[in-house]
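S.K.: Below you will find the structure I want to go over with you.
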Amino acid sequence: MSEWLVLAIAIAAVCAVVLTITVLRQRRIGEDDDPSETPDVIEYMTMMVGVVYAIVLGLAIAGVWEARGAAGDTVRTEAQALHEVSERVRAYPEATRDRIRADVDAYVSHVVHKEWPAMADRGEVTERGNELLDKVRADVTDYRPRDDYESQSYQPLLDQVAAADDARNARADSIDPTLPPVVWFGLITGAVITIGLIFTLQIRRSARELLMAALFSALIAFLLFLVWDFDAPFSRGITTSADPFTDLFPEL
């Protein structure tokens, strides 16, 4: 099921629950009820709870957005490091240069076509990807420079391979959700309390009040969906793409 379909169903369900409770509650209120009698302290508490929850929800969105951005930076770093390896081996003999480039291309092709779907489906990188990167590292480290010109390229190549390996490890760590379960418990509980406070203000069945209640509930559901979607950068609807690899290795 599409994540956006899940969002639409969730928003519709939340709005339906809120409006149903509002209508049923209104039918049980007597004709002599006066909504102006709502104590000022309840209005103040409703406002404060809303403000506090808005701050918490904003921090959650900022946190998962920052984690998603870091995951994207990790992908770009890995792709750029491998691209540098392919370009800098031009100082090496043709046979060595072609072997290293072929192994880099094999690794990138595996990451784009095999590993990315595996991260989305199983939440993990593949062992085959580790083997292909180890082969690239072995190609670079096992070569013995023949002169000073090749020696000047040797250490930078090692550094780029190390950068690619470090970025790969960071990418593997970024697959897991960012927010712990206790935070989700707080976000969902806060949403229920915040929406529930609508009823303490004695909301009526006027079209304007029902519309505002529905829009407010839909907004909370949408923001929680954004937090959930951004929480796993590689496995949900708005994912971090493999574009840095395809941009730097368009032939693959």
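Letters A, B, ... mark the chains of the structure tokens in the order given; residue numbers begin at 1 per chain; ligand numbers begin at 1, in order shown.
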For region 150-155 of chain A, find every residue with an atom within 8 Å (counting only C-alpha atoms), except residues of its own chain fewer than 2 positions away, and show them as an mmCIF file with C-alpha atoms, in the first residue's frame.
M.R.:
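Below is the file part19.cif, written as the result:
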data_model
loop_
_atom_site.group_PDB
_atom_site.id
_atom_site.type_symbol
_atom_site.label_atom_id
_atom_site.label_comp_id
_atom_site.auth_asym_id
_atom_site.auth_seq_id
_atom_site.Cartn_x
_atom_site.Cartn_y
_atom_site.Cartn_z
ATOM 1 C CA ARG A 88 42.965 9.534 -10.184
ATOM 2 C CA VAL A 89 44.059 6.086 -11.339
ATOM 3 C CA ALA A 91 48.436 7.913 -13.358
ATOM 4 C CA TYR A 92 48.692 4.106 -13.180
ATOM 5 C CA VAL A 140 44.511 0.122 -4.736
ATOM 6 C CA PRO A 145 54.116 2.557 -7.456
ATOM 7 C CA ARG A 146 56.976 2.409 -9.932
ATOM 8 C CA ASP A 147 58.091 6.045 -9.770
ATOM 9 C CA ASP A 148 57.536 9.318 -7.926
ATOM 10 C CA LEU A 157 43.782 7.039 -3.675
ATOM 11 C CA LEU A 158 44.008 5.249 -0.335
ATOM 12 C CA ASP A 159 42.353 8.233 1.343
#
S.K.: Region 3-235 of chain A: which residues are helix (DSSP H, G or I) by DSSP, as JSON, numbers by chain?
M.R.: {"A": [3, 4, 5, 6, 7, 8, 9, 10, 11, 12, 13, 14, 15, 16, 17, 18, 19, 20, 21, 22, 23, 24, 25, 26, 27, 35, 36, 37, 40, 41, 42, 43, 44, 45, 46, 47, 48, 49, 50, 51, 52, 53, 54, 55, 56, 57, 58, 59, 60, 61, 62, 63, 64, 65, 66, 67, 68, 69, 70, 71, 72, 73, 74, 75, 76, 77, 78, 79, 80, 81, 82, 83, 84, 85, 86, 87, 88, 89, 90, 91, 94, 95, 96, 97, 98, 99, 100, 101, 102, 103, 104, 105, 106, 107, 108, 109, 110, 111, 112, 113, 114, 115, 116, 117, 118, 119, 120, 121, 122, 127, 128, 129, 130, 131, 132, 133, 134, 135, 136, 137, 138, 139, 140, 141, 142, 148, 149, 150, 151, 152, 153, 154, 155, 156, 157, 158, 159, 160, 161, 162, 163, 164, 165, 166, 167, 168, 169, 170, 171, 172, 173, 181, 182, 183, 184, 185, 186, 187, 188, 189, 190, 191, 192, 193, 194, 195, 196, 197, 198, 199, 200, 201, 207, 208, 209, 210, 211, 212, 213, 214, 215, 216, 217, 218, 219, 220, 221, 222, 223, 224, 225, 226, 227, 228, 229, 230]}
S.K.: Ala214 (chain A): which residues within 7 Å, counting only C-alpha atoms, same-chain residues fewer than 3 positions away excluded, as a list in words?
M.R.: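 Skipping anything fewer than 3 positions along the chain leaves Cys15, Leu19, Leu210, Leu211, Ser217 and Ala218 of chain A.
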S.K.: Out of A:Ala10, A:Ala54, A:Ala172, A:Leu132, which residue has the shortest atom-to-atom distance to Ala118 (chain A) when counting only C-alpha atoms?
M.R.: A:Ala172
S.K.: Quick one, how far is CA of Asp247 (chain A) from CA of Trp65 (chain A)?
M.R.: 23.3 Å
S.K.: Using only C-alpha atoms, which of A:Val108, A:Ala170, A:Val52, A:Ala8 sits nearest Leu187 (chain A)?
M.R.: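 Closest residue, counting only C-alpha atoms: A:Val52.
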S.K.: Neighbouring residues of region 96-102 of chain A were defined as those with any atom within 7 Å, considering only C-alpha atoms; residues of the same chain fewer than 3 positions away were excluded. Please report them as a VMD selection string.
M.R.: chain A and resid 86 89 to 90 92 to 93 105 to 106 136 139
S.K.: Rounded to one decimal, what separation in Å do you get between CA of His83 (chain A) and CA of Phe249 (chain A)?
M.R.: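 Answer for the CA of His83 (chain A) to CA of Phe249 (chain A) separation: 7.6 Å.
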S.K.: With only C-alpha atoms as the atoms that count, which of A:Ala138, A:Val125, A:Val17, A:Ala67 lies nearest to His110 (chain A)?
M.R.: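 Of A:Ala138, A:Val125, A:Val17, A:Ala67, the one nearest His110 (chain A), counting only C-alpha atoms, is A:Val125.
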S.K.: Point out the residue among A:Asn130, A:Thr194, A:Thr240, A:Thr141 with the least atom-to-atom distance to Leu219 (chain A), counting only C-alpha atoms.
M.R.: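 Going through A:Asn130, A:Thr194, A:Thr240, A:Thr141 one by one, the smallest distance to Leu219 (chain A) is for A:Thr194.
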S.K.: When distances are computed from only C-alpha atoms, which of A:Ile188, A:Ala62, A:Ala232, A:Leu226 shows the smallest separation from Asp121 (chain A)?
M.R.: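 With only C-alpha atoms as the atom set, the closest residue is A:Ala232.
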S.K.: By how many Å are CA of Asp134 (chain A) and CA of Ala79 (chain A) apart?
M.R.: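 Calculated distance between CA of Asp134 (chain A) and CA of Ala79 (chain A) is 15.7 Å.
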S.K.: I'd like the contact shell of Arg76 (chain A) - 12 Å cut-off, only C-alpha atoms, skipping same-chain residues fewer than 6 positions apart - returned as an MDAnalysis selection string.
M.R.: chainID A and resid 69:70 82:83 163:164 167:168 170:171 240:248
S.K.: Given the selection you just returned, output its residues as a file containing all heavy atoms, formatted as a short mmCIF file (atom, residue, chain, number, x, y, z; two decimals), in the first residue's frame.
M.R.:
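File selection.cif, as written:
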data_model
loop_
_atom_site.label_atom_id
_atom_site.label_comp_id
_atom_site.auth_asym_id
_atom_site.auth_seq_id
_atom_site.Cartn_x
_atom_site.Cartn_y
_atom_site.Cartn_z
N GLY A 69 18.92 14.70 5.78
CA GLY A 69 19.94 15.46 5.08
C GLY A 69 21.32 14.86 5.25
O GLY A 69 22.13 14.82 4.31
N ALA A 70 21.62 14.38 6.47
CA ALA A 70 22.91 13.74 6.72
C ALA A 70 23.05 12.47 5.89
O ALA A 70 24.15 12.16 5.39
CB ALA A 70 23.05 13.43 8.21
N LEU A 82 34.35 7.52 -4.75
CA LEU A 82 34.56 6.50 -5.77
C LEU A 82 34.84 7.12 -7.13
O LEU A 82 35.66 6.60 -7.91
CB LEU A 82 33.32 5.61 -5.85
CG LEU A 82 33.08 4.74 -4.61
CD1 LEU A 82 31.69 4.11 -4.68
CD2 LEU A 82 34.15 3.66 -4.49
N HIS A 83 34.20 8.25 -7.41
CA HIS A 83 34.49 8.95 -8.66
C HIS A 83 35.94 9.44 -8.69
O HIS A 83 36.62 9.36 -9.73
CB HIS A 83 33.53 10.12 -8.82
CG HIS A 83 33.75 10.93 -10.06
ND1 HIS A 83 33.49 10.46 -11.32
CD2 HIS A 83 34.24 12.20 -10.23
CE1 HIS A 83 33.78 11.39 -12.21
NE2 HIS A 83 34.24 12.45 -11.58
N ALA A 163 37.56 6.99 2.55
CA ALA A 163 36.38 7.87 2.65
C ALA A 163 35.13 7.17 2.15
O ALA A 163 34.05 7.30 2.74
CB ALA A 163 36.63 9.16 1.86
N ALA A 164 35.26 6.41 1.05
CA ALA A 164 34.12 5.67 0.53
C ALA A 164 33.67 4.60 1.52
O ALA A 164 32.46 4.41 1.74
CB ALA A 164 34.48 5.03 -0.81
N ALA A 167 31.90 6.30 4.42
CA ALA A 167 30.57 6.76 4.00
C ALA A 167 29.61 5.58 3.87
O ALA A 167 28.42 5.69 4.20
CB ALA A 167 30.66 7.52 2.68
N ARG A 168 30.12 4.44 3.41
CA ARG A 168 29.26 3.26 3.30
C ARG A 168 28.79 2.81 4.69
O ARG A 168 27.62 2.47 4.88
CB ARG A 168 30.01 2.13 2.61
CG ARG A 168 29.23 0.82 2.55
CD ARG A 168 30.01 -0.29 1.87
NE ARG A 168 29.29 -1.55 1.96
CZ ARG A 168 28.27 -1.89 1.18
NH1 ARG A 168 27.87 -1.05 0.24
NH2 ARG A 168 27.67 -3.05 1.32
N ALA A 170 28.49 4.70 7.31
CA ALA A 170 27.53 5.70 7.78
C ALA A 170 26.17 5.50 7.11
O ALA A 170 25.13 5.68 7.74
CB ALA A 170 28.06 7.10 7.52
N ARG A 171 26.19 5.14 5.84
CA ARG A 171 24.92 4.87 5.14
C ARG A 171 24.20 3.67 5.75
O ARG A 171 22.97 3.67 5.90
CB ARG A 171 25.20 4.62 3.65
CG ARG A 171 24.00 4.18 2.85
CD ARG A 171 24.22 4.40 1.36
NE ARG A 171 25.36 3.69 0.85
CZ ARG A 171 25.35 2.41 0.43
NH1 ARG A 171 24.23 1.72 0.49
NH2 ARG A 171 26.44 1.84 -0.05
N THR A 240 15.87 8.91 0.35
CA THR A 240 17.12 9.44 -0.19
C THR A 240 17.49 8.63 -1.42
O THR A 240 17.58 7.41 -1.36
CB THR A 240 18.24 9.34 0.86
OG1 THR A 240 17.86 10.08 2.03
CG2 THR A 240 19.54 9.88 0.32
N SER A 241 17.68 9.30 -2.53
CA SER A 241 17.87 8.59 -3.80
C SER A 241 19.34 8.28 -4.05
O SER A 241 20.24 8.79 -3.37
CB SER A 241 17.32 9.43 -4.96
OG SER A 241 18.13 10.57 -5.17
N ALA A 242 19.57 7.46 -5.07
CA ALA A 242 20.92 7.10 -5.49
C ALA A 242 21.40 8.01 -6.62
O ALA A 242 22.34 7.65 -7.34
CB ALA A 242 20.96 5.64 -5.93
N ASP A 243 20.80 9.18 -6.76
CA ASP A 243 21.17 10.09 -7.85
C ASP A 243 22.65 10.48 -7.86
O ASP A 243 23.23 10.63 -8.95
CB ASP A 243 20.31 11.36 -7.80
CG ASP A 243 18.87 11.08 -8.23
OD1 ASP A 243 18.63 10.00 -8.79
OD2 ASP A 243 18.00 11.95 -7.99
N PRO A 244 23.31 10.69 -6.70
CA PRO A 244 24.74 11.01 -6.78
C PRO A 244 25.56 9.95 -7.50
O PRO A 244 26.52 10.28 -8.21
CB PRO A 244 25.15 11.11 -5.29
CG PRO A 244 23.90 11.55 -4.60
CD PRO A 244 22.80 10.83 -5.32
N PHE A 245 25.20 8.70 -7.36
CA PHE A 245 25.92 7.64 -8.07
C PHE A 245 25.63 7.69 -9.57
O PHE A 245 26.54 7.61 -10.39
CB PHE A 245 25.51 6.26 -7.52
CG PHE A 245 26.09 5.94 -6.18
CD1 PHE A 245 25.30 6.05 -5.04
CD2 PHE A 245 27.41 5.54 -6.04
CE1 PHE A 245 25.82 5.76 -3.79
CE2 PHE A 245 27.94 5.26 -4.78
CZ PHE A 245 27.14 5.36 -3.66
N THR A 246 24.35 7.84 -9.92
CA THR A 246 24.01 7.86 -11.33
C THR A 246 24.48 9.13 -12.02
O THR A 246 24.76 9.12 -13.22
CB THR A 246 22.48 7.73 -11.50
OG1 THR A 246 21.84 8.79 -10.76
CG2 THR A 246 22.00 6.39 -10.96
N ASP A 247 24.60 10.23 -11.28
CA ASP A 247 25.10 11.47 -11.87
C ASP A 247 26.60 11.38 -12.19
O ASP A 247 27.06 11.88 -13.22
CB ASP A 247 24.85 12.65 -10.94
CG ASP A 247 23.36 12.98 -10.82
OD1 ASP A 247 22.59 12.54 -11.70
OD2 ASP A 247 22.99 13.65 -9.85
N LEU A 248 27.36 10.76 -11.28
CA LEU A 248 28.81 10.67 -11.45
C LEU A 248 29.23 9.47 -12.30
O LEU A 248 30.34 9.44 -12.83
CB LEU A 248 29.50 10.61 -10.08
CG LEU A 248 29.36 11.86 -9.23
CD1 LEU A 248 29.97 11.66 -7.85
CD2 LEU A 248 30.03 13.06 -9.91
#
S.K.: For Val85 (chain A), which residue among A:Gln160, A:Arg122, A:Pro250, A:Thr239 is the nearest when counting only C-alpha atoms?
M.R.: A:Gln160
